[in-house]
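Structure file final-v4.cif with mmCIF, C-alpha atoms:
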```
data_entry
loop_
_atom_site.label_atom_id
_atom_site.label_comp_id
_atom_site.auth_asym_id
_atom_site.auth_seq_id
_atom_site.Cartn_x
_atom_site.Cartn_y
_atom_site.Cartn_z
CA MET A 1 111.33 112.30 247.31
CA THR A 2 111.24 113.62 243.83
CA SER A 3 114.78 114.98 243.96
CA PHE A 4 116.07 111.79 245.66
CA GLU A 5 114.52 109.55 243.00
CA GLN A 6 116.05 111.66 240.25
CA ARG A 7 119.44 111.41 241.91
CA GLY A 8 118.94 107.64 242.23
CA LYS A 9 118.32 107.19 238.46
CA ARG A 10 121.39 109.09 237.34
CA PRO A 11 124.02 106.50 238.37
CA ARG A 12 122.17 103.87 236.32
CA ASN A 13 122.55 106.01 233.11
CA ILE A 14 126.29 106.50 233.80
CA ILE A 15 126.84 102.75 234.23
CA SER A 16 125.00 102.06 230.97
CA LEU A 17 127.15 104.47 228.94
CA ALA A 18 130.32 103.03 230.43
CA ALA A 19 129.23 99.53 229.45
CA VAL A 20 128.61 100.67 225.88
CA ALA A 21 132.04 102.31 225.74
CA MET A 22 133.70 99.12 226.98
CA LEU A 23 131.81 97.08 224.39
CA ILE A 24 132.92 99.38 221.56
CA ALA A 25 136.51 99.21 222.79
CA LEU A 26 136.30 95.44 222.91
CA VAL A 27 134.94 95.24 219.37
CA LEU A 28 137.64 97.57 218.06
CA GLY A 29 140.26 95.59 219.91
CA ILE A 30 139.12 92.37 218.33
CA ALA A 31 138.88 93.88 214.82
CA ALA A 32 142.27 95.61 214.86
CA PRO A 33 144.49 92.52 214.66
CA ARG A 34 142.32 91.16 211.84
CA ALA A 35 142.90 94.28 209.74
CA ALA A 36 146.62 94.14 210.42
CA ALA A 37 146.74 90.50 209.32
CA GLN A 38 145.59 91.49 205.85
CA ALA A 39 148.70 93.61 205.18
CA ASP A 40 151.55 91.96 207.04
CA GLY A 41 153.34 90.45 204.00
CA VAL A 42 157.00 91.17 203.35
CA ILE A 43 159.26 90.86 200.31
CA THR A 44 162.94 91.09 201.06
CA GLY A 45 166.18 90.16 199.38
CA THR A 46 169.73 91.01 198.38
CA ILE A 47 170.91 92.30 195.01
CA LEU A 48 174.43 91.50 193.80
CA THR A 49 176.19 93.11 190.83
CA VAL A 50 177.68 91.38 187.80
CA ASP A 51 180.88 91.16 189.88
CA GLY A 52 179.02 89.33 192.62
CA LYS A 53 179.26 92.31 195.03
CA PRO A 54 176.40 94.05 196.91
CA TRP A 55 174.58 96.58 194.73
CA PRO A 56 173.79 99.71 196.78
CA ASP A 57 171.20 102.38 195.93
CA LEU A 58 169.56 100.32 193.20
CA PRO A 59 165.92 101.39 192.66
CA MET A 60 163.46 98.56 193.38
CA GLN A 61 159.74 98.41 192.77
CA SER A 62 156.98 96.01 193.70
CA VAL A 63 153.66 95.84 191.84
CA SER A 64 150.77 93.76 193.17
CA ASP A 65 148.28 91.87 191.05
CA GLN A 66 145.86 94.68 191.96
CA GLY A 67 148.23 97.30 190.56
CA ALA A 68 149.46 98.71 193.89
CA LYS A 69 153.06 99.99 193.58
CA LEU A 70 155.80 100.50 196.16
CA ASP A 71 159.29 101.88 195.55
CA THR A 72 162.48 101.56 197.54
CA LYS A 73 166.25 101.30 197.12
CA THR A 74 168.83 98.81 198.22
CA ASP A 75 171.01 99.78 201.18
CA LYS A 76 174.81 99.81 201.25
CA ASP A 77 174.84 96.00 201.55
CA GLY A 78 172.46 95.52 198.60
CA ASN A 79 169.50 94.64 200.80
CA TYR A 80 165.94 95.85 200.25
CA THR A 81 162.54 95.26 201.87
CA PHE A 82 158.89 95.91 201.02
CA ARG A 83 156.57 95.78 204.05
CA ASN A 84 152.85 95.87 204.79
CA LEU A 85 151.92 93.93 201.68
CA LYS A 86 148.59 92.22 201.17
CA ALA A 87 148.64 88.57 200.21
CA GLY A 88 148.81 87.98 196.47
CA VAL A 89 151.06 87.77 193.44
CA TYR A 90 153.70 90.48 192.99
CA HIS A 91 156.18 91.54 190.35
CA VAL A 92 159.49 92.70 191.80
CA TYR A 93 161.48 94.94 189.46
CA ALA A 94 165.18 95.72 189.77
CA VAL A 95 165.40 99.03 187.90
CA LEU A 96 168.71 98.60 186.09
CA PRO A 97 170.73 101.50 184.64
CA ALA A 98 169.73 102.60 181.10
CA PRO A 99 169.56 101.30 178.44
CA ASN A 100 168.74 98.07 180.25
CA LYS A 101 165.13 97.22 180.92
CA PRO A 102 163.98 96.53 184.52
CA TYR A 103 164.62 92.95 185.56
CA ASP A 104 161.30 91.33 186.51
CA VAL A 105 160.74 88.51 189.01
CA GLN A 106 157.31 87.21 189.95
CA CYS A 107 156.59 85.92 193.45
CA ARG A 108 153.72 85.15 195.82
CA VAL A 109 153.27 86.93 199.13
CA GLN A 110 151.49 85.43 202.13
CA GLY A 111 151.24 86.48 205.72
CA GLY A 112 153.86 85.15 208.09
CA ALA A 113 157.32 84.33 206.75
CA PRO A 114 158.89 86.95 204.41
CA THR A 115 159.15 86.15 200.71
CA ARG A 116 162.76 86.33 199.55
CA VAL A 117 163.70 87.53 196.09
CA ASP A 118 167.49 87.51 195.80
CA LEU A 119 169.18 88.48 192.53
CA ASN A 120 172.80 87.69 191.70
CA PHE A 121 173.41 89.31 188.32
CA LYS A 122 176.74 87.53 187.95
CA GLU A 123 174.89 84.19 187.85
CA ILE A 124 172.01 85.63 185.81
CA ILE A 125 174.33 86.93 183.09
CA ALA A 126 176.17 83.60 183.00
CA GLN A 127 172.91 81.68 182.61
CA GLN A 128 171.60 84.04 179.96
CA GLY A 129 174.90 83.81 178.10
CA ALA A 130 174.74 80.01 177.99
CA ALA A 131 171.09 80.08 176.92
CA SER A 132 171.84 82.73 174.30
CA GLN A 133 174.73 80.72 172.91
CA GLU A 134 172.56 77.59 172.76
CA ALA A 135 169.80 79.53 171.00
CA VAL A 136 172.25 80.92 168.46
CA LYS A 137 173.66 77.46 167.87
CA LYS A 138 170.18 76.03 167.33
CA GLN A 139 169.28 78.82 164.93
CA GLU A 140 172.44 78.19 162.93
CA GLU A 141 171.70 74.47 162.77
CA GLN A 142 168.15 75.15 161.59
CA LYS A 143 169.40 77.63 159.00
CA GLN A 144 171.97 75.15 157.73
CA ALA A 145 169.32 72.40 157.55
CA VAL A 146 167.05 74.66 155.48
CA GLU A 147 169.90 75.56 153.12
CA THR A 148 170.83 71.88 152.77
CA MET A 149 167.21 70.95 152.11
CA LYS A 150 166.89 73.65 149.44
CA ALA A 151 170.11 72.59 147.73
CA HIS A 152 169.06 68.92 147.54
CA PHE A 153 165.54 69.84 146.43
CA THR A 154 166.85 72.07 143.64
CA ALA A 155 169.28 69.39 142.50
CA GLY A 156 166.51 66.79 142.56
CA GLY A 157 164.26 69.03 140.47
CA ALA A 158 166.97 69.52 137.83
CA LEU A 159 167.58 65.77 137.63
CA LEU A 160 163.83 65.09 137.39
CA ASP A 161 163.60 67.46 134.41
CA GLN A 162 166.44 65.55 132.77
CA GLU A 163 164.67 62.28 133.52
CA HIS A 164 161.50 63.52 131.80
CA GLN A 165 163.54 64.51 128.76
CA ALA A 166 165.35 61.16 128.73
CA LYS A 167 162.00 59.34 128.91
CA ALA A 168 160.83 61.25 125.84
CA GLU A 169 164.02 60.26 124.02
CA VAL A 170 163.34 56.56 124.68
CA ALA A 171 160.33 56.69 122.35
CA LYS A 172 162.49 58.12 119.58
CA ALA A 173 165.43 55.75 120.06
CA VAL A 174 165.93 52.87 117.64
CA GLY A 175 167.96 49.69 117.68
CA ASP A 176 170.85 49.57 120.11
CA GLN A 177 170.18 53.15 121.18
CA ARG A 178 166.98 52.13 122.91
CA ASP A 179 168.66 50.14 125.69
CA ALA A 180 171.10 52.98 126.37
CA ALA A 181 168.21 55.47 126.47
CA LYS A 182 166.32 53.32 128.97
CA GLN A 183 169.39 52.99 131.17
CA LYS A 184 169.79 56.76 131.16
CA VAL A 185 166.26 57.09 132.56
CA VAL A 186 167.09 54.58 135.30
CA ASP A 187 170.32 56.37 136.23
CA LEU A 188 168.66 59.77 136.38
CA SER A 189 165.79 58.31 138.39
CA ASN A 190 168.22 56.95 141.01
CA GLN A 191 170.09 60.26 141.22
CA ALA A 192 166.92 62.35 141.51
CA ALA A 193 165.47 60.03 144.15
CA ALA A 194 168.67 60.33 146.21
CA GLU A 195 168.49 64.13 146.13
CA PHE A 196 164.83 64.29 147.17
CA GLN A 197 165.46 61.75 149.94
CA ALA A 198 168.36 63.92 151.17
CA ALA A 199 166.03 66.93 151.13
CA GLN A 200 163.53 64.95 153.20
CA LYS A 201 166.19 64.06 155.74
CA ALA A 202 167.40 67.66 156.04
CA GLY A 203 163.85 68.92 156.43
CA GLY A 204 162.97 66.48 159.22
CA GLU A 205 159.78 64.57 159.95
CA LYS A 206 157.70 67.67 160.71
CA ASP A 207 158.80 69.72 157.70
CA PRO A 208 155.77 71.44 156.14
CA ASN A 209 157.08 70.39 152.70
CA ALA A 210 156.78 66.66 153.48
CA ALA A 211 153.91 66.13 151.03
CA LEU A 212 155.81 67.90 148.24
CA PHE A 213 158.91 65.76 148.80
CA TRP A 214 156.81 62.59 148.52
CA ALA A 215 155.02 63.89 145.43
CA LYS A 216 158.35 64.61 143.72
CA LEU A 217 159.62 61.14 144.61
CA GLY A 218 156.41 59.72 143.17
CA ASP A 219 157.10 61.59 139.92
CA VAL A 220 160.68 60.28 139.87
CA TYR A 221 159.53 56.67 140.25
CA ASP A 222 156.51 57.17 137.99
CA THR A 223 158.64 58.44 135.10
CA ALA A 224 160.93 55.42 135.39
CA ALA A 225 157.93 53.03 135.55
CA ARG A 226 158.86 52.00 139.09
CA ASN A 227 155.19 51.51 139.80
CA ASP A 228 155.28 50.03 143.31
CA GLU A 229 157.60 52.75 144.60
CA ALA A 230 155.60 55.44 142.78
CA ALA A 231 152.32 54.26 144.33
CA GLN A 232 153.85 54.22 147.81
CA ALA A 233 155.27 57.72 147.37
CA TYR A 234 151.98 59.17 146.13
CA GLN A 235 150.13 57.49 148.99
CA ALA A 236 152.59 59.07 151.45
CA ALA A 237 152.00 62.46 149.82
CA ILE A 238 148.25 61.97 150.24
CA ALA A 239 148.70 61.01 153.90
CA ALA A 240 150.70 64.20 154.49
CA LYS A 241 148.30 66.48 152.60
CA PRO A 242 145.04 64.74 151.67
CA GLU A 243 143.38 67.82 150.19
CA ILE A 244 145.52 67.95 147.00
CA PRO A 245 143.55 66.48 144.04
CA GLY A 246 146.64 66.04 141.84
CA TYR A 247 148.12 63.48 144.22
CA TYR A 248 145.07 61.23 143.77
CA ASN A 249 145.18 61.73 140.02
CA ASN A 250 148.84 60.66 139.88
CA LEU A 251 148.19 57.69 142.12
CA GLY A 252 145.32 56.67 139.86
CA ASN A 253 147.62 56.73 136.82
CA VAL A 254 150.03 54.32 138.51
CA LEU A 255 147.32 52.00 139.83
CA ALA A 256 145.73 51.83 136.40
CA ARG A 257 149.04 50.77 134.87
CA GLN A 258 149.30 48.07 137.52
CA GLY A 259 145.88 46.77 136.54
CA LYS A 260 144.35 47.76 139.88
CA ILE A 261 141.27 49.19 138.19
CA GLU A 262 138.95 49.55 141.19
CA GLU A 263 141.65 51.17 143.32
CA ALA A 264 142.52 53.49 140.45
CA LYS A 265 138.85 54.37 140.01
CA THR A 266 138.62 55.28 143.71
CA ALA A 267 141.66 57.55 143.40
CA TYR A 268 140.25 59.34 140.34
CA GLU A 269 136.86 59.74 141.99
CA LYS A 270 138.55 61.41 144.94
CA SER A 271 140.50 63.71 142.63
CA ALA A 272 137.29 64.67 140.82
CA SER A 273 135.39 65.31 144.07
CA LEU A 274 138.16 67.57 145.41
CA ASP A 275 138.36 69.58 142.19
CA PRO A 276 134.95 69.59 140.45
CA PRO A 277 135.99 72.15 137.76
CA ASN A 278 138.67 69.71 136.60
CA ALA A 279 136.71 66.50 137.11
CA ALA A 280 136.56 65.94 133.34
CA SER A 281 140.35 65.95 133.21
CA ALA A 282 140.54 63.39 136.03
CA TRP A 283 138.19 61.01 134.21
CA ARG A 284 140.03 61.57 130.91
CA ASN A 285 143.33 60.72 132.60
CA PHE A 286 141.78 57.54 133.93
CA GLY A 287 140.65 56.63 130.42
CA ILE A 288 144.07 57.45 128.94
CA SER A 289 145.85 55.32 131.55
CA LEU A 290 143.63 52.38 130.74
CA TYR A 291 143.94 53.01 127.01
CA ASN A 292 147.74 53.02 127.24
CA VAL A 293 147.79 49.58 128.85
CA ASN A 294 145.32 48.19 126.30
CA ARG A 295 142.41 48.11 128.77
CA LEU A 296 140.18 49.72 126.13
CA GLY A 297 136.98 48.11 127.33
CA ASP A 298 137.55 49.49 130.85
CA ALA A 299 138.44 52.91 129.40
CA VAL A 300 134.95 53.46 127.95
CA GLU A 301 133.18 54.37 131.22
CA PRO A 302 135.64 57.06 132.45
CA LEU A 303 135.88 58.55 128.96
CA GLN A 304 132.08 58.74 128.75
CA LYS A 305 132.06 60.54 132.12
CA SER A 306 134.69 62.95 130.83
CA VAL A 307 132.83 63.93 127.63
CA ALA A 308 129.63 64.34 129.64
CA LEU A 309 131.41 66.99 131.75
CA GLU A 310 133.49 68.48 128.94
CA PRO A 311 131.86 67.81 125.55
CA ASN A 312 134.28 69.97 123.54
CA SER A 313 137.40 67.84 123.92
CA ALA A 314 138.35 66.29 120.56
CA GLN A 315 140.95 64.11 122.28
CA THR A 316 138.42 62.55 124.65
CA TRP A 317 135.92 61.89 121.86
CA TYR A 318 138.61 60.23 119.76
CA LEU A 319 139.79 58.02 122.64
CA LEU A 320 136.19 57.10 123.39
CA GLY A 321 135.60 56.10 119.77
CA ALA A 322 138.79 54.01 119.71
CA SER A 323 137.84 52.34 122.99
CA LEU A 324 134.32 51.57 121.74
CA VAL A 325 135.83 49.85 118.70
CA TYR A 326 137.19 47.28 121.17
CA LYS A 327 133.61 46.52 122.16
CA MET A 328 132.36 45.68 118.67
CA THR A 329 130.94 42.20 118.16
CA THR A 330 129.91 40.04 115.22
CA LYS A 331 126.74 38.28 114.29
CA ARG A 332 126.17 35.43 111.91
CA VAL A 333 124.16 36.38 108.84
CA GLY A 334 123.76 33.57 106.42
CA ASN A 335 127.15 32.01 105.86
CA LYS A 336 129.24 34.99 107.02
CA ASP A 337 129.87 37.09 110.10
CA GLU A 338 128.93 40.75 110.11
CA VAL A 339 130.43 43.41 112.37
CA VAL A 340 128.17 44.99 114.98
CA LEU A 341 129.62 48.24 116.30
CA ALA A 342 129.07 49.27 119.90
CA PRO A 343 126.53 52.10 120.14
CA GLY A 344 128.17 55.50 119.90
CA THR A 345 131.35 54.37 118.12
CA VAL A 346 130.77 56.26 114.87
CA GLU A 347 129.29 59.24 116.69
CA ALA A 348 132.39 59.57 118.91
CA TYR A 349 134.72 59.64 115.89
CA GLN A 350 132.44 62.09 114.10
CA LYS A 351 132.37 64.40 117.14
CA ALA A 352 136.17 64.38 117.35
CA SER A 353 136.41 65.25 113.66
CA GLU A 354 133.90 68.09 113.98
CA LEU A 355 135.74 69.62 116.94
CA ASP A 356 139.15 69.30 115.30
CA PRO A 357 138.73 69.57 111.50
CA GLY A 358 142.35 70.45 110.76
CA PRO A 359 145.08 68.09 109.57
CA GLY A 360 147.30 66.07 111.86
CA GLY A 361 145.24 66.34 115.06
CA TRP A 362 142.75 64.20 116.93
CA GLY A 363 140.14 64.92 114.28
CA ALA A 364 142.41 63.57 111.54
CA GLN A 365 142.93 60.35 113.50
CA ALA A 366 139.17 60.11 114.01
CA ARG A 367 138.55 60.42 110.27
CA GLU A 368 141.07 57.64 109.64
CA GLY A 369 139.18 55.57 112.19
CA LEU A 370 135.90 56.17 110.34
CA VAL A 371 137.42 54.99 107.05
CA GLN A 372 138.63 51.82 108.78
CA LEU A 373 135.19 51.26 110.27
CA GLN A 374 133.59 51.56 106.85
CA ALA A 375 136.06 49.01 105.52
CA ILE A 376 135.00 46.41 108.08
CA ALA A 377 131.34 47.45 108.23
CA PRO A 378 130.27 48.54 104.72
CA GLY A 379 127.19 50.69 104.58
CA ILE A 380 127.70 52.73 107.75
CA ASP A 381 127.39 56.49 107.39
CA ILE A 382 130.74 58.06 108.14
CA SER A 383 129.90 61.54 106.87
CA VAL A 384 131.12 64.39 109.04
CA THR A 385 129.78 67.92 109.32
CA ASN A 386 132.94 69.89 109.89
CA LYS A 387 132.72 72.89 112.19
CA LYS A 388 135.37 75.46 113.03
CA LYS A 389 137.23 74.53 116.15
CA LYS A 390 136.34 76.83 119.01
CA SER A 391 139.22 78.75 120.47
#
```
What would the structure in this file look like if it were written as C-alpha cells?
Amino acid sequence: MTSFEQRGKRPRNIISLAAVAMLIALVLGIAAPRAAAQADGVITGTILTVDGKPWPDLPMQSVSDQGAKLDTKTDKDGNYTFRNLKAGVYHVYAVLPAPNKPYDVQCRVQGGAPTRVDLNFKEIIAQQGAASQEAVKKQEEQKQAVETMKAHFTAGGALLDQEHQAKAEVAKAVGDQRDAAKQKVVDLSNQAAAEFQAAQKAGGEKDPNAALFWAKLGDVYDTAARNDEAAQAYQAAIAAKPEIPGYYNNLGNVLARQGKIEEAKTAYEKSASLDPPNAASAWRNFGISLYNVNRLGDAVEPLQKSVALEPNSAQTWYLLGASLVYKMTTKRVGNKDEVVLAPGTVEAYQKASELDPGPGGWGAQAREGLVQLQAIAPGIDISVTNKKKKS
C-alpha cells in the first residue's frame, strides 16, 4: 500500500509542474508582442544630389531625443532605412562631404506607418539660394537706410548750428538788417526741420533714435520761436523716451513762453524729480523763461526754489532780486506815496553782489539795482560785504 500510494502521488506533481510551465509560456507569449511594439518605428527616405539624381553611399545618422544613435548608408538608388526605433523625436543627419556640415532634419517616429524623410538637394539649394538672396537684399536695404538716416541727421545738425548762430545775430542786427536776420533764422529752421524729418523717415517708426529725432526737431522749432511745433516735438520726444530730464526742461521753456504756467511748472517739476542733482538748474530755467516774457511775479517762486537748492549762483540771486522788484507796493504816508519793497529784494541783490564782486557780471547788475532801489526808496541800507567769488 505504501509503495502504491507513493506511485499514485507522483503523477499529480508532474501535472502541476506542466501547468506552471504552460502558464509561464503563456505570460511570455503575451508580453513578447508588447515589447516589440515599443521598438517598431521606422524612418526611411530617398536622398537626391544637387543634380536631382539618387545619391548612393551617403552616410546617414539618426539620433533620438534620448541620445540613441544609429548609422547607415544610402543604397545605389539613394534609399536608406532606420528600423527598430522607439517612438519619439529624432534628428536625421545626411552626412555631407567636407567641408559641408551634416544636413539636419527633425521628425517624429511612431509605431505603425514609417516616417519618411526625403531630401532633394537640388530643391534645397534652390530654396536656400532664394532665401540667401532675399536676406542679402534686405541687409543692403537696411544698410542704405542707416546711411541715409545718418546723412540727413548730420546735415540737420549742421543747419541747426547755423540757425543758433543766426538767432544770436538777430539780437545784434539793427534797422533794415533785423528783418533779413529774422528771415535767415526762418529759412534755416525750415531746412533743418526737413533734414531731421528725412532722417526720421529713413530710420522708420521703430528706430531707437526716435526720441533724439524729435528732440532735435523741438530745438529747431524752439530756436525759431515756433512754439506750438516745438511743444509738440518735445512731447513726442518725451513719449518715446520719458526718462530724459532735459526733454521736460525744454518743454517747460516753451510752455512758459506760451503763458501756460501750470503746464510749464509740471514739466519743470518732472525734470527736477528725474535729475535731483540738477534740480536747481531746472527751477532757474523756469524762472528765466518767465522773466524773459515779463512774468516777473510768477518767476519769484521757481527762483526761490533754485537758490534754496543752489545758494551760490549769482545769476539766480540777481534774477530773484529783479523779480521781487516787480512785487513792490506803495503805501500812503501823509500826502505822498512811499515804496514798500517785497521782503528779500535788497538781500537778493546783495547776495548776487557778494558772490560776483567783479565788474560787468551779475554782481555789477545787482549793485546797479541797489542804487536804483535807494533812489526810489531813500533810507534803505544797500551796503554790500564783498567776498571773493568761489571757484
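Proximity to Val109 in chain A was assessed for A:Gly203, A:Gly334, A:Gly41, A:Gly246 counting all atoms listed in the file; the smallest distance is recorded for A:Gly41.
Near Tyr80 in chain A, within 10 Å and counting all atoms listed in the file, sit A:Ile43, A:Thr44, A:Gly45, A:Thr46, A:Ile47, A:Pro56, A:Asp57, A:Leu58, A:Pro59, A:Met60, A:Thr72, A:Lys73, A:Thr74, A:Asp75, A:Lys76, A:Asp77, A:Gly78, A:Phe82, A:Val117, A:Asp118, not including residues fewer than 2 positions from it in the same chain.
Nearest-residue note for Arg108 in chain A: choosing from A:Leu96, A:Ala225, A:Ala352, A:Leu85, the minimum distance belongs to A:Leu85, counting all atoms listed in the file.
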Practice task
Fewer than 3 positions away in the same chain doesn't count, so skip those; otherwise give me all residues within 8 Å of range 256-266 of chain A, counting all atoms listed in the file, as a list in words.
Solution key: Asn227, Leu251, Gly252, Asn253, Glu269, Lys270, Phe286, Ser289, Leu290 and Val293 of chain A
Padding 4 Å on each side, edges along x, y and z: where is the centre of the box around the listed atoms of range 260-265 of chain A, and how long are its edges in Å to one decimal? Output it as lines of an AutoDock Vina configuration file.
```
center_x = 141.6
center_y = 51.1
center_z = 140.8
size_x = 13.5
size_y = 14.6
size_z = 13.1
```
Residues returned when the PyMOL selection byres ((chain A and resi 305) around 12) runs on this file, as a compact mmCIF listing (two decimals) with C-alpha atoms, in the coordinates of the input:
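See expr-v4.txt below for the written result:
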```txt
# COMPACT_ATOMS: atom_id res chain seq x y z
CA TYR A 268 140.25 59.34 140.34
CA GLU A 269 136.86 59.74 141.99
CA ALA A 272 137.29 64.67 140.82
CA ALA A 279 136.71 66.50 137.11
CA ALA A 280 136.56 65.94 133.34
CA SER A 281 140.35 65.95 133.21
CA ALA A 282 140.54 63.39 136.03
CA TRP A 283 138.19 61.01 134.21
CA ARG A 284 140.03 61.57 130.91
CA ASN A 285 143.33 60.72 132.60
CA PHE A 286 141.78 57.54 133.93
CA GLY A 287 140.65 56.63 130.42
CA ALA A 299 138.44 52.91 129.40
CA VAL A 300 134.95 53.46 127.95
CA GLU A 301 133.18 54.37 131.22
CA PRO A 302 135.64 57.06 132.45
CA LEU A 303 135.88 58.55 128.96
CA GLN A 304 132.08 58.74 128.75
CA SER A 306 134.69 62.95 130.83
CA VAL A 307 132.83 63.93 127.63
CA ALA A 308 129.63 64.34 129.64
CA LEU A 309 131.41 66.99 131.75
CA GLU A 310 133.49 68.48 128.94
CA PRO A 311 131.86 67.81 125.55
CA THR A 316 138.42 62.55 124.65
CA TRP A 317 135.92 61.89 121.86
CA LEU A 320 136.19 57.10 123.39
```
Problem - Nearby residues, (167.0, 58.5, 152.3) file frame, 12 Å, all atoms listed in the file, as a ChimeraX atom specification - result: /A:152,190-204,213-214,217
Exercise for the section: Check the smallest atom-to-atom distance from each of A:Pro99, A:Gly67, A:Pro378, A:Gly111 to Lys86 in chain A using all atoms listed in the file, then report the winner. Expected result: A:Gly111
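Pairwise distance (CA of Gln374 in chain A, CA of Leu341 in chain A) equals 10.8 Å.
Across the structure, CA of Leu355 in chain A and CA of Asp298 in chain A are spaced 24.5 Å apart.
Pairwise distance (CA of Ala151 in chain A, CA of Ala240 in chain A) equals 22.2 Å.
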Going by the chain IDs and residue numbers used in this file, which residues fall under the PyMOL selection byres ((chain A and resi 324) around 8)? Write them as a compact mmCIF listing (two decimals) with C-alpha atoms, in the coordinates of the input.
```
# COMPACT_ATOMS: atom_id res chain seq x y z
CA LEU A 296 140.18 49.72 126.13
CA GLY A 297 136.98 48.11 127.33
CA VAL A 300 134.95 53.46 127.95
CA LEU A 320 136.19 57.10 123.39
CA GLY A 321 135.60 56.10 119.77
CA ALA A 322 138.79 54.01 119.71
CA SER A 323 137.84 52.34 122.99
CA VAL A 325 135.83 49.85 118.70
CA TYR A 326 137.19 47.28 121.17
CA LYS A 327 133.61 46.52 122.16
CA MET A 328 132.36 45.68 118.67
CA LEU A 341 129.62 48.24 116.30
CA ALA A 342 129.07 49.27 119.90
CA PRO A 343 126.53 52.10 120.14
CA GLY A 344 128.17 55.50 119.90
CA THR A 345 131.35 54.37 118.12
```
Handout entry: Exercise: residues within 9 Å of coordinate (150.8, 92.9, 188.4), counting all atoms listed in the file, as a ChimeraX atom specification
Key = /A:62-68,89-91,106
Would you write out those residues with C-alpha atoms, as an mmCIF file, keeping the file's coordinate frame?
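Final output, saved to result-v6.cif:
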```
data_model
loop_
_atom_site.group_PDB
_atom_site.id
_atom_site.type_symbol
_atom_site.label_atom_id
_atom_site.label_comp_id
_atom_site.auth_asym_id
_atom_site.auth_seq_id
_atom_site.Cartn_x
_atom_site.Cartn_y
_atom_site.Cartn_z
ATOM 1 C CA SER A 62 156.980 96.010 193.700
ATOM 2 C CA VAL A 63 153.660 95.840 191.840
ATOM 3 C CA SER A 64 150.770 93.760 193.170
ATOM 4 C CA ASP A 65 148.280 91.870 191.050
ATOM 5 C CA GLN A 66 145.860 94.680 191.960
ATOM 6 C CA GLY A 67 148.230 97.300 190.560
ATOM 7 C CA ALA A 68 149.460 98.710 193.890
ATOM 8 C CA VAL A 89 151.060 87.770 193.440
ATOM 9 C CA TYR A 90 153.700 90.480 192.990
ATOM 10 C CA HIS A 91 156.180 91.540 190.350
ATOM 11 C CA GLN A 106 157.310 87.210 189.950
#
```
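Counting all atoms listed in the file and comparing A:Thr223, A:Gln128, A:Gln177, A:Ser353, the residue that lies closest to Glu163 in chain A is A:Thr223.
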Exercise for the section: Report as an MDAnalysis selection string the residues that result from applying the PyMOL selection byres ((chain A and resi 51) around 10) to the structure here. Expected result: chainID A and resid 48:50 52:55 120:123
Keeping C-alpha atoms, export the residues of the selection given above as a PDB file, in the coordinates of the input.
```pdb
ATOM      1  CA  LEU A  48     174.430  91.500 193.800  1.00  0.00           C
ATOM      2  CA  THR A  49     176.190  93.110 190.830  1.00  0.00           C
ATOM      3  CA  VAL A  50     177.680  91.380 187.800  1.00  0.00           C
ATOM      4  CA  GLY A  52     179.020  89.330 192.620  1.00  0.00           C
ATOM      5  CA  LYS A  53     179.260  92.310 195.030  1.00  0.00           C
ATOM      6  CA  PRO A  54     176.400  94.050 196.910  1.00  0.00           C
ATOM      7  CA  TRP A  55     174.580  96.580 194.730  1.00  0.00           C
ATOM      8  CA  ASN A 120     172.800  87.690 191.700  1.00  0.00           C
ATOM      9  CA  PHE A 121     173.410  89.310 188.320  1.00  0.00           C
ATOM     10  CA  LYS A 122     176.740  87.530 187.950  1.00  0.00           C
ATOM     11  CA  GLU A 123     174.890  84.190 187.850  1.00  0.00           C
TER      12      GLU A 123
END
```
Handout entry: Contact residues around Arg178 in chain A with only C-alpha atoms at 12 Å, ignoring same-chain residues under 6 positions, as a PyMOL selection string
Key = chain A and resi 166-172+184-185
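The smallest atom-to-atom distance between Glu347 in chain A and any of A:Thr329, A:Asn79, A:Ser383, A:Ser313, using only C-alpha atoms, is found for A:Ser383.
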Name all residues at most 12 Å from range 358-365 of chain A (count all atoms listed in the file; drop same-chain ones fewer than 4 positions away) and give them as a tab-separated table (two decimals) with C-alpha atoms, in the frame of the given file.
```tsv
chain	number	residue	atom	x	y	z
A	313	SER	CA	137.40	67.84	123.92
A	314	ALA	CA	138.35	66.29	120.56
A	315	GLN	CA	140.95	64.11	122.28
A	316	THR	CA	138.42	62.55	124.65
A	317	TRP	CA	135.92	61.89	121.86
A	318	TYR	CA	138.61	60.23	119.76
A	319	LEU	CA	139.79	58.02	122.64
A	320	LEU	CA	136.19	57.10	123.39
A	321	GLY	CA	135.60	56.10	119.77
A	322	ALA	CA	138.79	54.01	119.71
A	348	ALA	CA	132.39	59.57	118.91
A	349	TYR	CA	134.72	59.64	115.89
A	350	GLN	CA	132.44	62.09	114.10
A	351	LYS	CA	132.37	64.40	117.14
A	352	ALA	CA	136.17	64.38	117.35
A	353	SER	CA	136.41	65.25	113.66
A	354	GLU	CA	133.90	68.09	113.98
A	369	GLY	CA	139.18	55.57	112.19
A	370	LEU	CA	135.90	56.17	110.34
A	371	VAL	CA	137.42	54.99	107.05
A	372	GLN	CA	138.63	51.82	108.78
A	384	VAL	CA	131.12	64.39	109.04
A	385	THR	CA	129.78	67.92	109.32
A	386	ASN	CA	132.94	69.89	109.89
A	387	LYS	CA	132.72	72.89	112.19
A	388	LYS	CA	135.37	75.46	113.03
A	389	LYS	CA	137.23	74.53	116.15
```
